[in-house]
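Dropping coords.pdb in here (PDB, C-alpha atoms):
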```
MODEL        1
ATOM      1  CA  MET A   1     116.811 132.897  57.915  1.00  0.00           C
ATOM      2  CA  ALA A   2     115.356 129.906  59.723  1.00  0.00           C
ATOM      3  CA  ASP A   3     111.884 128.749  58.811  1.00  0.00           C
ATOM      4  CA  GLU A   4     109.740 129.729  61.811  1.00  0.00           C
ATOM      5  CA  ALA A   5     106.979 127.260  60.847  1.00  0.00           C
ATOM      6  CA  THR A   6     109.280 124.269  61.306  1.00  0.00           C
ATOM      7  CA  PRO A   7     108.299 122.632  64.573  1.00  0.00           C
ATOM      8  CA  ARG A   8     111.074 121.855  66.990  1.00  0.00           C
ATOM      9  CA  PRO A   9     111.384 118.231  68.027  1.00  0.00           C
ATOM     10  CA  PRO A  10     109.809 117.606  71.425  1.00  0.00           C
ATOM     11  CA  LYS A  11     112.250 118.052  74.260  1.00  0.00           C
ATOM     12  CA  LYS A  12     113.193 114.792  75.944  1.00  0.00           C
ATOM     13  CA  GLU A  13     111.765 114.440  79.398  1.00  0.00           C
ATOM     14  CA  PRO A  14     114.309 114.197  82.240  1.00  0.00           C
ATOM     15  CA  GLU A  15     114.562 110.654  83.568  1.00  0.00           C
ATOM     16  CA  VAL A  16     113.548 111.678  87.106  1.00  0.00           C
ATOM     17  CA  LEU A  17     110.268 113.072  85.720  1.00  0.00           C
ATOM     18  CA  THR A  18     109.187 110.001  83.752  1.00  0.00           C
ATOM     19  CA  ASP A  19     105.968 108.353  84.905  1.00  0.00           C
ATOM     20  CA  LYS A  20     107.973 105.341  86.083  1.00  0.00           C
ATOM     21  CA  SER A  21     110.281 107.459  88.270  1.00  0.00           C
ATOM     22  CA  LEU A  22     107.467 109.575  89.692  1.00  0.00           C
ATOM     23  CA  VAL A  23     105.281 106.559  90.536  1.00  0.00           C
ATOM     24  CA  LEU A  24     108.220 104.861  92.248  1.00  0.00           C
ATOM     25  CA  LEU A  25     108.863 108.036  94.243  1.00  0.00           C
ATOM     26  CA  ALA A  26     105.176 108.411  95.146  1.00  0.00           C
ATOM     27  CA  GLN A  27     104.855 104.798  96.244  1.00  0.00           C
ATOM     28  CA  GLY A  28     107.909 105.039  98.466  1.00  0.00           C
ATOM     29  CA  ILE A  29     106.664 108.265 100.041  1.00  0.00           C
ATOM     30  CA  GLY A  30     103.063 107.016 100.156  1.00  0.00           C
ATOM     31  CA  LYS A  31     104.011 104.026 102.321  1.00  0.00           C
ATOM     32  CA  GLN A  32     104.940 106.362 105.152  1.00  0.00           C
ATOM     33  CA  ASP A  33     101.924 107.595 107.105  1.00  0.00           C
ATOM     34  CA  LEU A  34     100.314 110.446 105.157  1.00  0.00           C
ATOM     35  CA  LYS A  35     103.536 111.746 103.583  1.00  0.00           C
ATOM     36  CA  GLY A  36     102.090 111.254 100.082  1.00  0.00           C
ATOM     37  CA  LEU A  37      99.258 113.656 100.866  1.00  0.00           C
ATOM     38  CA  GLU A  38     101.709 116.069 102.424  1.00  0.00           C
ATOM     39  CA  LEU A  39     103.813 115.902  99.259  1.00  0.00           C
ATOM     40  CA  ALA A  40     100.736 116.611  97.131  1.00  0.00           C
ATOM     41  CA  MET A  41      99.959 119.687  99.230  1.00  0.00           C
ATOM     42  CA  TYR A  42     103.520 121.020  98.918  1.00  0.00           C
ATOM     43  CA  LEU A  43     103.290 120.489  95.152  1.00  0.00           C
ATOM     44  CA  ASN A  44     100.379 122.957  95.224  1.00  0.00           C
ATOM     45  CA  ILE A  45      97.715 120.490  94.150  1.00  0.00           C
ATOM     46  CA  PRO A  46      94.395 122.000  95.231  1.00  0.00           C
ATOM     47  CA  THR A  47      92.892 120.387  98.340  1.00  0.00           C
ATOM     48  CA  THR A  48      89.633 119.507  96.589  1.00  0.00           C
ATOM     49  CA  THR A  49      91.615 117.767  93.849  1.00  0.00           C
ATOM     50  CA  ILE A  50      93.513 115.735  96.455  1.00  0.00           C
ATOM     51  CA  ILE A  51      90.220 114.805  98.139  1.00  0.00           C
ATOM     52  CA  ASN A  52      88.796 113.742  94.773  1.00  0.00           C
ATOM     53  CA  CYS A  53      91.877 111.563  94.182  1.00  0.00           C
ATOM     54  CA  ILE A  54      91.342 109.899  97.550  1.00  0.00           C
ATOM     55  CA  GLY A  55      87.675 109.316  96.723  1.00  0.00           C
ATOM     56  CA  GLU A  56      88.566 107.722  93.383  1.00  0.00           C
ATOM     57  CA  VAL A  57      91.003 105.322  95.047  1.00  0.00           C
ATOM     58  CA  THR A  58      89.278 104.304  98.268  1.00  0.00           C
ATOM     59  CA  GLU A  59      86.307 104.738 100.532  1.00  0.00           C
ATOM     60  CA  SER A  60      88.242 103.686 103.630  1.00  0.00           C
ATOM     61  CA  HIS A  61      90.333 105.905 105.886  1.00  0.00           C
ATOM     62  CA  LEU A  62      93.915 106.397 104.754  1.00  0.00           C
ATOM     63  CA  THR A  63      94.999 106.152 108.375  1.00  0.00           C
ATOM     64  CA  ALA A  64      93.610 102.620 108.761  1.00  0.00           C
ATOM     65  CA  GLU A  65      96.180  99.983 109.590  1.00  0.00           C
ATOM     66  CA  ASP A  66      95.822  98.136 106.276  1.00  0.00           C
ATOM     67  CA  SER A  67      95.630 101.208 104.024  1.00  0.00           C
ATOM     68  CA  GLU A  68      99.252 101.295 102.809  1.00  0.00           C
ATOM     69  CA  ASN A  69      98.315 100.311  99.230  1.00  0.00           C
ATOM     70  CA  ASP A  70      95.588 102.965  99.142  1.00  0.00           C
ATOM     71  CA  ARG A  71      98.027 105.621 100.370  1.00  0.00           C
ATOM     72  CA  MET A  72     100.533 104.578  97.701  1.00  0.00           C
ATOM     73  CA  SER A  73      97.828 104.701  95.005  1.00  0.00           C
ATOM     74  CA  VAL A  74      96.641 108.149  96.078  1.00  0.00           C
ATOM     75  CA  ALA A  75     100.219 109.458  96.170  1.00  0.00           C
ATOM     76  CA  SER A  76     100.878 108.039  92.676  1.00  0.00           C
ATOM     77  CA  LYS A  77      97.675 109.532  91.293  1.00  0.00           C
ATOM     78  CA  CYS A  78      98.488 112.925  92.814  1.00  0.00           C
ATOM     79  CA  ILE A  79     102.074 113.076  91.572  1.00  0.00           C
ATOM     80  CA  LEU A  80     101.037 112.148  88.023  1.00  0.00           C
ATOM     81  CA  LEU A  81      98.336 114.794  88.240  1.00  0.00           C
ATOM     82  CA  TRP A  82     101.015 117.309  89.303  1.00  0.00           C
ATOM     83  CA  LYS A  83     103.114 116.242  86.327  1.00  0.00           C
ATOM     84  CA  GLY A  84     100.209 117.002  84.006  1.00  0.00           C
ATOM     85  CA  MET A  85      99.429 120.287  85.753  1.00  0.00           C
ATOM     86  CA  THR A  86     103.031 121.463  85.348  1.00  0.00           C
ATOM     87  CA  ALA A  87     103.621 120.101  81.832  1.00  0.00           C
ATOM     88  CA  GLU A  88     104.079 123.593  80.404  1.00  0.00           C
ATOM     89  CA  SER A  89     106.500 124.677  83.146  1.00  0.00           C
ATOM     90  CA  LYS A  90     110.250 124.729  82.682  1.00  0.00           C
ATOM     91  CA  THR A  91     111.989 121.501  83.659  1.00  0.00           C
ATOM     92  CA  LYS A  92     114.209 123.443  86.043  1.00  0.00           C
ATOM     93  CA  ASP A  93     111.158 124.781  87.897  1.00  0.00           C
ATOM     94  CA  ARG A  94     109.484 121.358  88.074  1.00  0.00           C
ATOM     95  CA  VAL A  95     112.621 119.700  89.458  1.00  0.00           C
ATOM     96  CA  LYS A  96     113.187 122.538  91.923  1.00  0.00           C
ATOM     97  CA  GLY A  97     109.551 122.347  93.079  1.00  0.00           C
ATOM     98  CA  LEU A  98     109.683 118.607  93.667  1.00  0.00           C
ATOM     99  CA  ASP A  99     113.037 118.907  95.444  1.00  0.00           C
ATOM    100  CA  ARG A 100     111.614 121.618  97.730  1.00  0.00           C
ATOM    101  CA  ALA A 101     108.462 119.584  98.427  1.00  0.00           C
ATOM    102  CA  LEU A 102     110.510 116.522  99.399  1.00  0.00           C
ATOM    103  CA  ARG A 103     112.592 118.613 101.787  1.00  0.00           C
ATOM    104  CA  GLU A 104     109.481 120.244 103.284  1.00  0.00           C
ATOM    105  CA  ILE A 105     107.946 116.864 104.150  1.00  0.00           C
ATOM    106  CA  GLY A 106     111.129 115.855 105.963  1.00  0.00           C
ATOM    107  CA  LYS A 107     112.771 113.782 103.234  1.00  0.00           C
ATOM    108  CA  PRO A 108     116.060 115.610 102.547  1.00  0.00           C
ATOM    109  CA  ASP A 109     117.848 112.293 101.914  1.00  0.00           C
ATOM    110  CA  VAL A 110     115.344 111.373  99.187  1.00  0.00           C
ATOM    111  CA  ALA A 111     115.590 114.918  97.781  1.00  0.00           C
ATOM    112  CA  ASP A 112     119.395 114.592  97.613  1.00  0.00           C
ATOM    113  CA  VAL A 113     119.180 111.321  95.664  1.00  0.00           C
ATOM    114  CA  PHE A 114     116.466 112.815  93.435  1.00  0.00           C
ATOM    115  CA  MET A 115     118.752 115.750  92.567  1.00  0.00           C
ATOM    116  CA  GLU A 116     121.791 113.494  92.041  1.00  0.00           C
ATOM    117  CA  ARG A 117     119.822 111.305  89.646  1.00  0.00           C
ATOM    118  CA  HIS A 118     118.512 114.376  87.839  1.00  0.00           C
ATOM    119  CA  GLN A 119     122.025 115.756  87.367  1.00  0.00           C
ATOM    120  CA  SER A 120     123.138 112.351  86.035  1.00  0.00           C
ATOM    121  CA  ASN A 121     119.965 112.049  83.913  1.00  0.00           C
ATOM    122  CA  GLN A 122     119.084 108.702  85.489  1.00  0.00           C
ATOM    123  CA  GLU A 123     115.704 107.274  86.433  1.00  0.00           C
ATOM    124  CA  LEU A 124     114.845 106.767  90.051  1.00  0.00           C
ATOM    125  CA  THR A 125     115.146 103.193  91.295  1.00  0.00           C
ATOM    126  CA  ASN A 126     113.945 101.335  94.381  1.00  0.00           C
ATOM    127  CA  ASP A 127     117.216 102.014  96.199  1.00  0.00           C
ATOM    128  CA  ILE A 128     116.208 105.662  96.627  1.00  0.00           C
ATOM    129  CA  PHE A 129     114.506 104.591  99.854  1.00  0.00           C
ATOM    130  CA  GLY A 130     117.186 102.126 100.928  1.00  0.00           C
TER     131      GLY A 130
ENDMDL
END
```
Please render this file's structure as structure tokens.
Amino acid sequence: MADEATPRPPKKEPEVLTDKSLVLLAQGIGKQDLKGLELAMYLNIPTTTIINCIGEVTESHLTAEDSENDRMSVASKCILLWKGMTAESKTKDRVKGLDRALREIGKPDVADVFMERHQSNQELTNDIFG
């Protein structure tokens, strides 16, 4: 009989869900208009939380001509927040949710590469947007 008190080793995080991969994804999406905010909404991050993230990053409008870095920062902050919010969820559900969100914001090509990398257990790289 196995000892039930023996803790299982922590499950290794999929490469596409590492902070590095998620920030790279968020920055690439965040460059494009308000797609980073759209992604956050499709990931079911509460609107007030998204607004708070924006407020922590910038006081300027995210639609201003020179706001690309702010949009990328907000998108990164939101996606890492989503990662924390879903930490107890099954990996399969997290990957499926992010895949669906990418498709909903009109990025099926990015979603395809995301899923390919997940199936190969590889991190995302800059060429995902190339």
Assuming the chain letters and numbering stay as they are in my file, what does the PyMOL selection byres ((chain A and resi 32) around 12) actually select? List them as an MDAnalysis selection string. chainID A and resid 25:31 33:39 62:63 65 67:72 75 105:107 129
Residue with smallest distance to Ser76 of chain A - pool A:Val95, A:Ile45, A:Ala40, A:Ile51, counting only C-alpha atoms: A:Ala40
Distance query segment 81-93 of chain A at most 9 Å, all atoms listed in the file, self and fewer than 4 positions along chain excluded, as an NGL selection string: :A and (13-14 or 17 or 19 or 22 or 40 or 43-45 or 76-77 or 97-98)
Residue selection dump (C-alpha atoms) as a PDB file, keeping the file's coordinate frame:
```
ATOM      1  CA  GLU A  13     111.765 114.440  79.398  1.00  0.00           C
ATOM      2  CA  PRO A  14     114.309 114.197  82.240  1.00  0.00           C
ATOM      3  CA  LEU A  17     110.268 113.072  85.720  1.00  0.00           C
ATOM      4  CA  ASP A  19     105.968 108.353  84.905  1.00  0.00           C
ATOM      5  CA  LEU A  22     107.467 109.575  89.692  1.00  0.00           C
ATOM      6  CA  ALA A  40     100.736 116.611  97.131  1.00  0.00           C
ATOM      7  CA  LEU A  43     103.290 120.489  95.152  1.00  0.00           C
ATOM      8  CA  ASN A  44     100.379 122.957  95.224  1.00  0.00           C
ATOM      9  CA  ILE A  45      97.715 120.490  94.150  1.00  0.00           C
ATOM     10  CA  SER A  76     100.878 108.039  92.676  1.00  0.00           C
ATOM     11  CA  LYS A  77      97.675 109.532  91.293  1.00  0.00           C
ATOM     12  CA  GLY A  97     109.551 122.347  93.079  1.00  0.00           C
ATOM     13  CA  LEU A  98     109.683 118.607  93.667  1.00  0.00           C
TER      14      LEU A  98
END
```
Point-to-point distance from atom CA of Ala101 of chain A to atom CA of Tyr42 of chain A, Å rounded to tenths: 5.2 Å
Determine the nearest neighbour of Lys12 of chain A from the options A:Asn126, A:Ile79, A:Asn121, A:Thr49, counting all atoms listed in the file.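 Result for the nearest residue to Lys12 of chain A: A:Asn121.
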Picked residues, the PyMOL selection byres ((chain A and resi 16) around 6), as a list in words: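 Given this file, the PyMOL selection byres ((chain A and resi 16) around 6) evaluates to Pro14, Glu15, Leu17, Thr18, Ser21, His118, Glu123 and Leu124 of chain A.
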Distance criterion (all atoms listed in the file): nearest to Arg117 of chain A out of A:Glu104, A:Asp99, A:Glu56, A:Ala64: A:Asp99
So what does the PyMOL selection byres ((chain A and resi 57) around 8) actually pick up in this one, as a VMD selection string? chain A and resid 53 to 56 58 to 59 70 73 to 74
Students should find that atom CA of Ile128 of chain A and atom CA of Val113 of chain A are spaced 6.5 Å
With 8 Å of padding per side, what axis-aligned box (centre and edge lengths, Å, one decimal) covers all the listed atoms of segment 14-17 of chain A? Give it as AutoDock Vina command-line options.
```
--center_x 112.4 --center_y 112.4 --center_z 84.7 --size_x 20.3 --size_y 19.5 --size_z 20.9
```
